[in-house]
$ cat data_8.txt   # compact mmCIF, C-alpha atoms and all ligand atoms
# COMPACT_ATOMS: atom_id res chain seq x y z
CA MET A 1 -6.32 -4.68 -54.62
CA GLY A 2 -2.86 -4.48 -53.04
CA CYS A 3 -2.19 -3.91 -49.36
CA ILE A 4 -0.65 -0.74 -47.97
CA CYS A 5 2.72 -2.48 -47.93
CA GLY A 6 2.65 -2.69 -51.74
CA HIS A 7 2.12 -6.46 -51.93
CA GLY A 8 0.85 -7.84 -55.21
CA LYS A 9 -2.68 -9.17 -55.43
CA GLU A 10 -1.64 -12.77 -54.95
CA SER A 11 0.50 -12.18 -51.89
CA TYR A 12 -2.15 -9.85 -50.50
CA GLU A 13 -4.71 -12.65 -50.75
CA LYS A 14 -2.30 -14.98 -48.97
CA TYR A 15 -1.74 -12.34 -46.33
CA LEU A 16 -5.50 -12.04 -45.83
CA GLU A 17 -6.17 -15.75 -45.73
CA PRO A 18 -5.77 -16.13 -41.93
CA LEU A 19 -8.08 -13.16 -41.42
CA ARG A 20 -10.69 -14.65 -43.74
CA ASN A 21 -10.56 -17.87 -41.72
CA ILE A 22 -11.15 -15.86 -38.54
CA LEU A 23 -13.99 -13.87 -40.08
CA ALA A 24 -15.65 -17.06 -41.32
CA ARG A 25 -16.10 -18.24 -37.75
CA TYR A 26 -18.08 -15.19 -36.65
CA SER A 27 -21.40 -13.72 -37.65
CA ALA A 28 -21.08 -10.43 -39.49
CA GLU A 29 -22.36 -8.20 -36.71
CA GLN A 30 -20.90 -5.56 -34.42
CA ALA A 31 -20.88 -7.94 -31.42
CA SER A 32 -18.21 -9.96 -33.22
CA LEU A 33 -15.83 -7.04 -33.51
CA ILE A 34 -13.80 -7.45 -30.31
CA PRO A 35 -13.24 -11.22 -30.56
CA ILE A 36 -12.29 -10.80 -34.22
CA LEU A 37 -9.83 -8.03 -33.33
CA GLN A 38 -8.33 -10.22 -30.59
CA GLU A 39 -7.85 -13.15 -32.93
CA ALA A 40 -6.52 -10.96 -35.73
CA GLN A 41 -3.98 -9.40 -33.39
CA GLU A 42 -2.92 -12.82 -32.20
CA GLN A 43 -2.45 -13.85 -35.82
CA TYR A 44 -0.64 -10.76 -37.13
CA GLY A 45 1.07 -9.58 -33.94
CA TYR A 46 -0.68 -6.21 -34.17
CA LEU A 47 -3.54 -4.64 -36.08
CA PRO A 48 -2.31 -3.16 -39.38
CA GLN A 49 -4.52 -0.66 -41.16
CA ASP A 50 -5.36 -2.95 -44.05
CA ILE A 51 -6.51 -5.66 -41.66
CA LEU A 52 -8.76 -3.16 -39.88
CA GLN A 53 -10.18 -2.12 -43.24
CA GLU A 54 -11.03 -5.72 -44.09
CA ILE A 55 -12.65 -6.26 -40.70
CA ALA A 56 -14.69 -3.05 -41.05
CA ARG A 57 -15.82 -4.08 -44.53
CA SER A 58 -16.75 -7.57 -43.40
CA LEU A 59 -18.82 -6.34 -40.45
CA GLN A 60 -20.23 -3.41 -42.44
CA LEU A 61 -18.86 -0.93 -39.94
CA SER A 62 -17.06 2.31 -40.66
CA LEU A 63 -13.28 2.26 -40.32
CA ALA A 64 -13.66 5.10 -37.80
CA LYS A 65 -15.86 2.88 -35.63
CA VAL A 66 -13.30 0.06 -35.72
CA TYR A 67 -10.46 2.48 -34.91
CA GLY A 68 -12.55 3.87 -32.05
CA VAL A 69 -12.75 0.42 -30.47
CA VAL A 70 -9.08 -0.42 -31.12
CA THR A 71 -7.84 2.81 -29.55
CA PHE A 72 -10.20 2.50 -26.57
CA TYR A 73 -8.78 -0.81 -25.35
CA THR A 74 -5.14 -0.96 -24.31
CA GLN A 75 -4.97 -4.63 -25.31
CA PHE A 76 -4.98 -3.63 -28.99
CA HIS A 77 -1.89 -2.39 -30.80
CA LEU A 78 -1.68 -0.46 -34.05
CA GLN A 79 2.08 -0.80 -34.35
CA PRO A 80 4.27 -3.92 -34.52
CA ARG A 81 5.36 -5.22 -31.13
CA GLY A 82 8.61 -6.80 -30.13
CA LYS A 83 8.92 -10.54 -29.53
CA ASN A 84 9.70 -9.67 -25.92
CA VAL A 85 7.56 -7.15 -24.08
CA ILE A 86 9.30 -5.47 -21.16
CA LYS A 87 7.12 -3.85 -18.53
CA VAL A 88 8.97 -1.64 -16.06
CA CYS A 89 7.10 -1.05 -12.81
CA THR A 90 6.78 2.61 -11.94
CA GLY A 91 4.81 2.02 -8.72
CA THR A 92 5.86 3.74 -5.50
CA ALA A 93 7.98 0.93 -4.02
CA CYS A 94 9.86 0.46 -7.26
CA HIS A 95 10.24 4.18 -7.78
CA VAL A 96 11.86 4.77 -4.37
CA ARG A 97 14.19 1.81 -4.89
CA GLY A 98 15.57 3.00 -8.21
CA GLY A 99 12.94 2.01 -10.75
CA THR A 100 13.54 5.16 -12.77
CA GLU A 101 17.26 4.40 -13.06
CA VAL A 102 16.41 0.87 -14.19
CA LEU A 103 14.06 2.27 -16.82
CA ARG A 104 16.72 4.70 -18.06
CA ALA A 105 19.30 1.89 -18.21
CA ILE A 106 16.94 -0.26 -20.31
CA GLU A 107 16.17 2.68 -22.59
CA LYS A 108 19.87 3.25 -23.06
CA GLU A 109 20.61 -0.43 -23.61
CA LEU A 110 17.89 -0.81 -26.25
CA GLY A 111 18.09 2.65 -27.78
CA ILE A 112 14.36 3.26 -27.40
CA VAL A 113 12.14 5.08 -24.94
CA SER A 114 9.12 3.77 -23.08
CA GLY A 115 6.36 2.95 -25.57
CA GLY A 116 8.87 2.09 -28.29
CA THR A 117 9.91 -1.07 -30.09
CA THR A 118 13.42 -1.88 -31.26
CA GLU A 119 13.99 -1.90 -35.02
CA ASP A 120 14.77 -5.60 -35.01
CA LEU A 121 11.39 -6.21 -33.30
CA GLU A 122 13.14 -7.97 -30.43
CA PHE A 123 11.82 -5.75 -27.62
CA THR A 124 8.91 -3.48 -26.82
CA LEU A 125 9.33 -1.32 -23.73
CA GLU A 126 6.43 -0.19 -21.56
CA THR A 127 5.86 1.13 -18.06
CA VAL A 128 3.16 -0.18 -15.75
CA ALA A 129 1.79 0.57 -12.30
CA CYS A 130 2.49 -1.79 -9.37
CA ILE A 131 2.62 -5.40 -10.50
CA GLY A 132 2.25 -6.78 -6.97
CA ALA A 133 5.84 -7.83 -6.34
CA CYS A 134 6.86 -4.79 -4.25
CA GLY A 135 9.07 -6.93 -1.98
CA LEU A 136 11.37 -7.45 -4.96
CA ALA A 137 11.47 -3.79 -6.01
CA PRO A 138 12.56 -2.52 -8.38
CA VAL A 139 10.82 -4.99 -10.62
CA ILE A 140 10.35 -5.51 -14.34
CA MET A 141 8.44 -8.14 -16.26
CA ILE A 142 9.67 -9.57 -19.53
CA ASN A 143 6.83 -11.45 -21.14
CA ASP A 144 5.53 -13.60 -18.24
CA ASP A 145 8.77 -13.53 -16.22
CA THR A 146 9.28 -11.35 -13.17
CA HIS A 147 12.78 -9.98 -12.53
CA GLY A 148 13.40 -8.29 -9.19
CA ARG A 149 16.04 -6.37 -7.25
CA LEU A 150 17.40 -4.85 -10.39
CA ASN A 151 19.73 -1.92 -10.74
CA GLN A 152 21.22 0.01 -13.64
CA ASN A 153 24.25 -2.28 -13.68
CA ASN A 154 22.62 -5.70 -13.81
CA VAL A 155 19.69 -4.99 -16.10
CA ALA A 156 21.71 -5.45 -19.32
CA SER A 157 22.54 -9.05 -18.42
CA VAL A 158 18.87 -9.77 -17.80
CA LEU A 159 18.00 -8.45 -21.26
CA ALA A 160 20.87 -10.39 -22.82
CA ALA A 161 19.20 -13.69 -21.93
CA TYR A 162 16.29 -12.77 -24.17
CA ARG A 163 18.52 -11.98 -27.13
CA SER A 164 19.82 -15.52 -27.30
CA GLU A 165 18.86 -17.81 -30.15
CA ASP A 166 16.15 -19.48 -28.18
CA LYS A 167 14.16 -16.51 -27.00
CA THR A 168 11.70 -18.65 -25.10
CA PRO A 169 12.75 -18.49 -21.44
CA ARG A 170 12.74 -21.78 -19.64
CA LYS A 171 9.88 -22.48 -17.23
CA GLU A 172 12.17 -22.64 -14.21
CA GLU A 173 13.29 -19.11 -15.01
CA THR A 174 9.85 -17.69 -14.43
CA LEU A 175 10.91 -15.92 -11.26
CA LYS A 176 14.40 -14.54 -11.34
CA LEU A 177 16.15 -12.45 -8.80
CA ALA A 178 19.14 -10.53 -10.09
CA ASN A 179 21.97 -10.21 -7.60
S1 LIG B 1 5.54 -0.89 -6.81
FE1 LIG B 1 6.61 -2.13 -8.23
S2 LIG B 1 5.85 -4.09 -7.80
FE2 LIG B 1 4.74 -2.84 -6.46

$ encode --input "data_8.txt" --output "structure tokens"
Amino acid sequence: MGCICGHGKESYEKYLEPLRNILARYSAEQASLIPILQEAQEQYGYLPQDILQEIARSLQLSLAKVYGVVTFYTQFHLQPRGKNVIKVCTGTACHVRGGTEVLRAIEKELGIVSGGTTEDLEFTLETVACIGACGLAPVIMINDDTHGRLNQNNVASVLAAYRSEDKTPRKEETLKLAN
């Protein structure tokens, strides 16, 4: 059987190998579903349909049941995600200090809207409620880094740092304040 991407049988088996290793560590029962989904997502970056089919088959669940669980929890993603996940705070403090303009500037810079992922899979853009850094409003998070006091003019340079060859931000950059 080939996957939905049109892979041949051999490459499909290779593609499934990490999933089979995950499945082998769990008992084939419904209680295993969420931890298996978590591990599969960690492995594949998201939860493609063919992976969900294999999980459903392995646990003897309907695909509808598996989809029901995946769509219920926001931690699961059915579409590929960018290497960098940007979360723009839309809480009150950020909103009154220009959070919407920051969001629009990021959308323009990346050519996507909130909820989208760039074609090169570099960035996924999301909005979130207050992230508890109101004193730095308006605030965004990129992966685990908090960037505060942003405006529509300085946000592009913040994003640029994540486009560099080494996309792993240095530890000391964890809290950045844009001037
Ligand atoms: S409202 Fe944005 S961090 Fe609190």

$ residues_around --input "data_8.txt" --residues "Leu159 (chain A)" --least-positions-apart "5" --cutoff "9 Å" --atoms "only C-alpha atoms" --output "PyMOL selection string"
chain A and resi 106+109+142

$ residues_around --input "data_8.txt" --residues "region 46-54 of chain A" --least-positions-apart "4" --cutoff "8 Å" --atoms "all atoms listed in the file" --output "PyMOL selection string"
chain A and resi 3-4+16+19+37+40-42+58+63+66-67+76-81

$ write_last_selection --input "data_8.txt" --atoms "C-alpha atoms" --output "tab-separated table (two decimals), in the coordinates of the input"
chain	number	residue	atom	x	y	z
A	3	CYS	CA	-2.19	-3.91	-49.36
A	4	ILE	CA	-0.65	-0.74	-47.97
A	16	LEU	CA	-5.50	-12.04	-45.83
A	19	LEU	CA	-8.08	-13.16	-41.42
A	37	LEU	CA	-9.83	-8.03	-33.33
A	40	ALA	CA	-6.52	-10.96	-35.73
A	41	GLN	CA	-3.98	-9.40	-33.39
A	42	GLU	CA	-2.92	-12.82	-32.20
A	58	SER	CA	-16.75	-7.57	-43.40
A	63	LEU	CA	-13.28	2.26	-40.32
A	66	VAL	CA	-13.30	0.06	-35.72
A	67	TYR	CA	-10.46	2.48	-34.91
A	76	PHE	CA	-4.98	-3.63	-28.99
A	77	HIS	CA	-1.89	-2.39	-30.80
A	78	LEU	CA	-1.68	-0.46	-34.05
A	79	GLN	CA	2.08	-0.80	-34.35
A	80	PRO	CA	4.27	-3.92	-34.52
A	81	ARG	CA	5.36	-5.22	-31.13

$ closest_residue --input "data_8.txt" --among "A:Ala137, A:Ala64, A:Ala105, A:Gln75" --to "Ser157 (chain A)" --atoms "all atoms listed in the file"
A:Ala105

$ residues_near_ligand --input "data_8.txt" --ligand "ligand LIG 1 (chain B)" --cutoff "8 Å" --atoms "only C-alpha atoms and all ligand atoms" --output "list in words"
Cys89, Thr90, Gly91, Thr92, Ala93, Cys94, His95, Gly99, Ala129, Cys130, Ile131, Gly132, Ala133, Cys134, Gly135, Leu136, Ala137, Pro138, Val139 and Ile140 of chain A

$ write_last_selection --input "data_8.txt" --atoms "C-alpha atoms" --output "compact mmCIF listing (two decimals), in the frame of the given file"
# COMPACT_ATOMS: atom_id res chain seq x y z
CA CYS A 89 7.10 -1.05 -12.81
CA THR A 90 6.78 2.61 -11.94
CA GLY A 91 4.81 2.02 -8.72
CA THR A 92 5.86 3.74 -5.50
CA ALA A 93 7.98 0.93 -4.02
CA CYS A 94 9.86 0.46 -7.26
CA HIS A 95 10.24 4.18 -7.78
CA GLY A 99 12.94 2.01 -10.75
CA ALA A 129 1.79 0.57 -12.30
CA CYS A 130 2.49 -1.79 -9.37
CA ILE A 131 2.62 -5.40 -10.50
CA GLY A 132 2.25 -6.78 -6.97
CA ALA A 133 5.84 -7.83 -6.34
CA CYS A 134 6.86 -4.79 -4.25
CA GLY A 135 9.07 -6.93 -1.98
CA LEU A 136 11.37 -7.45 -4.96
CA ALA A 137 11.47 -3.79 -6.01
CA PRO A 138 12.56 -2.52 -8.38
CA VAL A 139 10.82 -4.99 -10.62
CA ILE A 140 10.35 -5.51 -14.34

$ closest_residue --input "data_8.txt" --among "A:Thr146, A:Gln30, A:Asn84, A:Ser62" --to "Gly45 (chain A)" --atoms "only C-alpha atoms"
A:Asn84

$ atom_distance --input "data_8.txt" --atom1 "CA of Arg97 (chain A)" --atom2 "CA of Gln152 (chain A)"
11.4 Å

$ atom_distance --input "data_8.txt" --atom1 "CA of Gln60 (chain A)" --atom2 "CA of Ala28 (chain A)"
7.7 Å

$ closest_residue --input "data_8.txt" --among "A:Lys65, A:Leu150, A:Gly82, A:Ala156" --to "Glu119 (chain A)" --atoms "only C-alpha atoms"
A:Gly82

$ residues_around --input "data_8.txt" --residues "Leu110 (chain A)" --least-positions-apart "4" --cutoff "12 Å" --atoms "all atoms listed in the file" --output "PDB file with C-alpha atoms, keeping the file's coordinate frame"
ATOM      1  CA  GLY A  82       8.610  -6.800 -30.130  1.00  0.00           C
ATOM      2  CA  ILE A  86       9.300  -5.470 -21.160  1.00  0.00           C
ATOM      3  CA  LEU A 103      14.060   2.270 -16.820  1.00  0.00           C
ATOM      4  CA  ARG A 104      16.720   4.700 -18.060  1.00  0.00           C
ATOM      5  CA  ALA A 105      19.300   1.890 -18.210  1.00  0.00           C
ATOM      6  CA  ILE A 106      16.940  -0.260 -20.310  1.00  0.00           C
ATOM      7  CA  SER A 114       9.120   3.770 -23.080  1.00  0.00           C
ATOM      8  CA  GLY A 116       8.870   2.090 -28.290  1.00  0.00           C
ATOM      9  CA  THR A 117       9.910  -1.070 -30.090  1.00  0.00           C
ATOM     10  CA  THR A 118      13.420  -1.880 -31.260  1.00  0.00           C
ATOM     11  CA  GLU A 119      13.990  -1.900 -35.020  1.00  0.00           C
ATOM     12  CA  ASP A 120      14.770  -5.600 -35.010  1.00  0.00           C
ATOM     13  CA  LEU A 121      11.390  -6.210 -33.300  1.00  0.00           C
ATOM     14  CA  GLU A 122      13.140  -7.970 -30.430  1.00  0.00           C
ATOM     15  CA  PHE A 123      11.820  -5.750 -27.620  1.00  0.00           C
ATOM     16  CA  THR A 124       8.910  -3.480 -26.820  1.00  0.00           C
ATOM     17  CA  LEU A 125       9.330  -1.320 -23.730  1.00  0.00           C
ATOM     18  CA  VAL A 155      19.690  -4.990 -16.100  1.00  0.00           C
ATOM     19  CA  ALA A 156      21.710  -5.450 -19.320  1.00  0.00           C
ATOM     20  CA  LEU A 159      18.000  -8.450 -21.260  1.00  0.00           C
ATOM     21  CA  ALA A 160      20.870 -10.390 -22.820  1.00  0.00           C
ATOM     22  CA  ARG A 163      18.520 -11.980 -27.130  1.00  0.00           C
TER      23      ARG A 163
END

$ closest_residue --input "data_8.txt" --among "A:Glu10, A:Pro18, A:Thr100, A:Gln38" --to "Thr74 (chain A)" --atoms "all atoms listed in the file"
A:Gln38

$ axis_aligned_box --input "data_8.txt" --around "region 91-98 of chain A" --padding-each-side "5 Å" --output "AutoDock Vina command-line options"
--center_x 10.2 --center_y 2.6 --center_z -6.4 --size_x 20.8 --size_y 14.3 --size_z 14.7

$ closest_residue --input "data_8.txt" --among "A:Glu107, A:Glu126, A:Glu39, A:Asp145" --to "Arg25 (chain A)" --atoms "all atoms listed in the file"
A:Glu39

$ atom_distance --input "data_8.txt" --atom1 "CA of Asn143 (chain A)" --atom2 "CA of Val85 (chain A)"
5.3 Å

$ build_atoms --input "data_8.txt" --residues "region 113-132 of chain A" --atoms "N, CA and C atoms" --output "compact mmCIF listing (two decimals), keeping the file's coordinate frame"
# COMPACT_ATOMS: atom_id res chain seq x y z
N VAL A 113 12.74 4.57 -26.17
CA VAL A 113 12.14 5.08 -24.94
C VAL A 113 10.87 4.29 -24.66
N SER A 114 10.33 4.48 -23.47
CA SER A 114 9.12 3.77 -23.08
C SER A 114 8.03 3.97 -24.14
N GLY A 115 7.38 2.88 -24.52
CA GLY A 115 6.36 2.95 -25.57
C GLY A 115 6.92 2.53 -26.92
N GLY A 116 8.24 2.39 -27.00
CA GLY A 116 8.87 2.09 -28.29
C GLY A 116 9.17 0.61 -28.47
N THR A 117 9.52 0.29 -29.71
CA THR A 117 9.91 -1.07 -30.09
C THR A 117 11.23 -0.99 -30.84
N THR A 118 12.14 -1.91 -30.56
CA THR A 118 13.42 -1.88 -31.26
C THR A 118 13.22 -2.21 -32.74
N GLU A 119 14.13 -1.70 -33.56
CA GLU A 119 13.99 -1.90 -35.02
C GLU A 119 13.98 -3.36 -35.42
N ASP A 120 14.72 -4.18 -34.67
CA ASP A 120 14.77 -5.60 -35.01
C ASP A 120 13.56 -6.37 -34.45
N LEU A 121 12.61 -5.63 -33.87
CA LEU A 121 11.39 -6.21 -33.30
C LEU A 121 11.69 -7.23 -32.20
N GLU A 122 12.82 -7.07 -31.54
CA GLU A 122 13.14 -7.97 -30.43
C GLU A 122 12.42 -7.54 -29.14
N PHE A 123 12.35 -6.23 -28.90
CA PHE A 123 11.82 -5.75 -27.62
C PHE A 123 10.84 -4.60 -27.80
N THR A 124 9.79 -4.64 -27.00
CA THR A 124 8.91 -3.48 -26.82
C THR A 124 9.03 -3.09 -25.35
N LEU A 125 9.13 -1.80 -25.11
CA LEU A 125 9.33 -1.32 -23.73
C LEU A 125 8.11 -0.52 -23.28
N GLU A 126 7.59 -0.89 -22.10
CA GLU A 126 6.43 -0.19 -21.56
C GLU A 126 6.63 0.04 -20.06
N THR A 127 5.89 0.97 -19.52
CA THR A 127 5.86 1.13 -18.06
C THR A 127 4.48 0.74 -17.56
N VAL A 128 4.45 0.23 -16.34
CA VAL A 128 3.16 -0.18 -15.75
C VAL A 128 3.12 0.26 -14.29
N ALA A 129 1.93 0.30 -13.74
CA ALA A 129 1.79 0.57 -12.30
C ALA A 129 2.14 -0.72 -11.55
N CYS A 130 2.10 -0.66 -10.24
CA CYS A 130 2.49 -1.79 -9.37
C CYS A 130 2.04 -3.14 -9.92
N ILE A 131 2.98 -4.07 -10.00
CA ILE A 131 2.62 -5.40 -10.50
C ILE A 131 2.55 -6.42 -9.35
N GLY A 132 2.51 -5.91 -8.12
CA GLY A 132 2.25 -6.78 -6.97
C GLY A 132 3.44 -7.56 -6.49
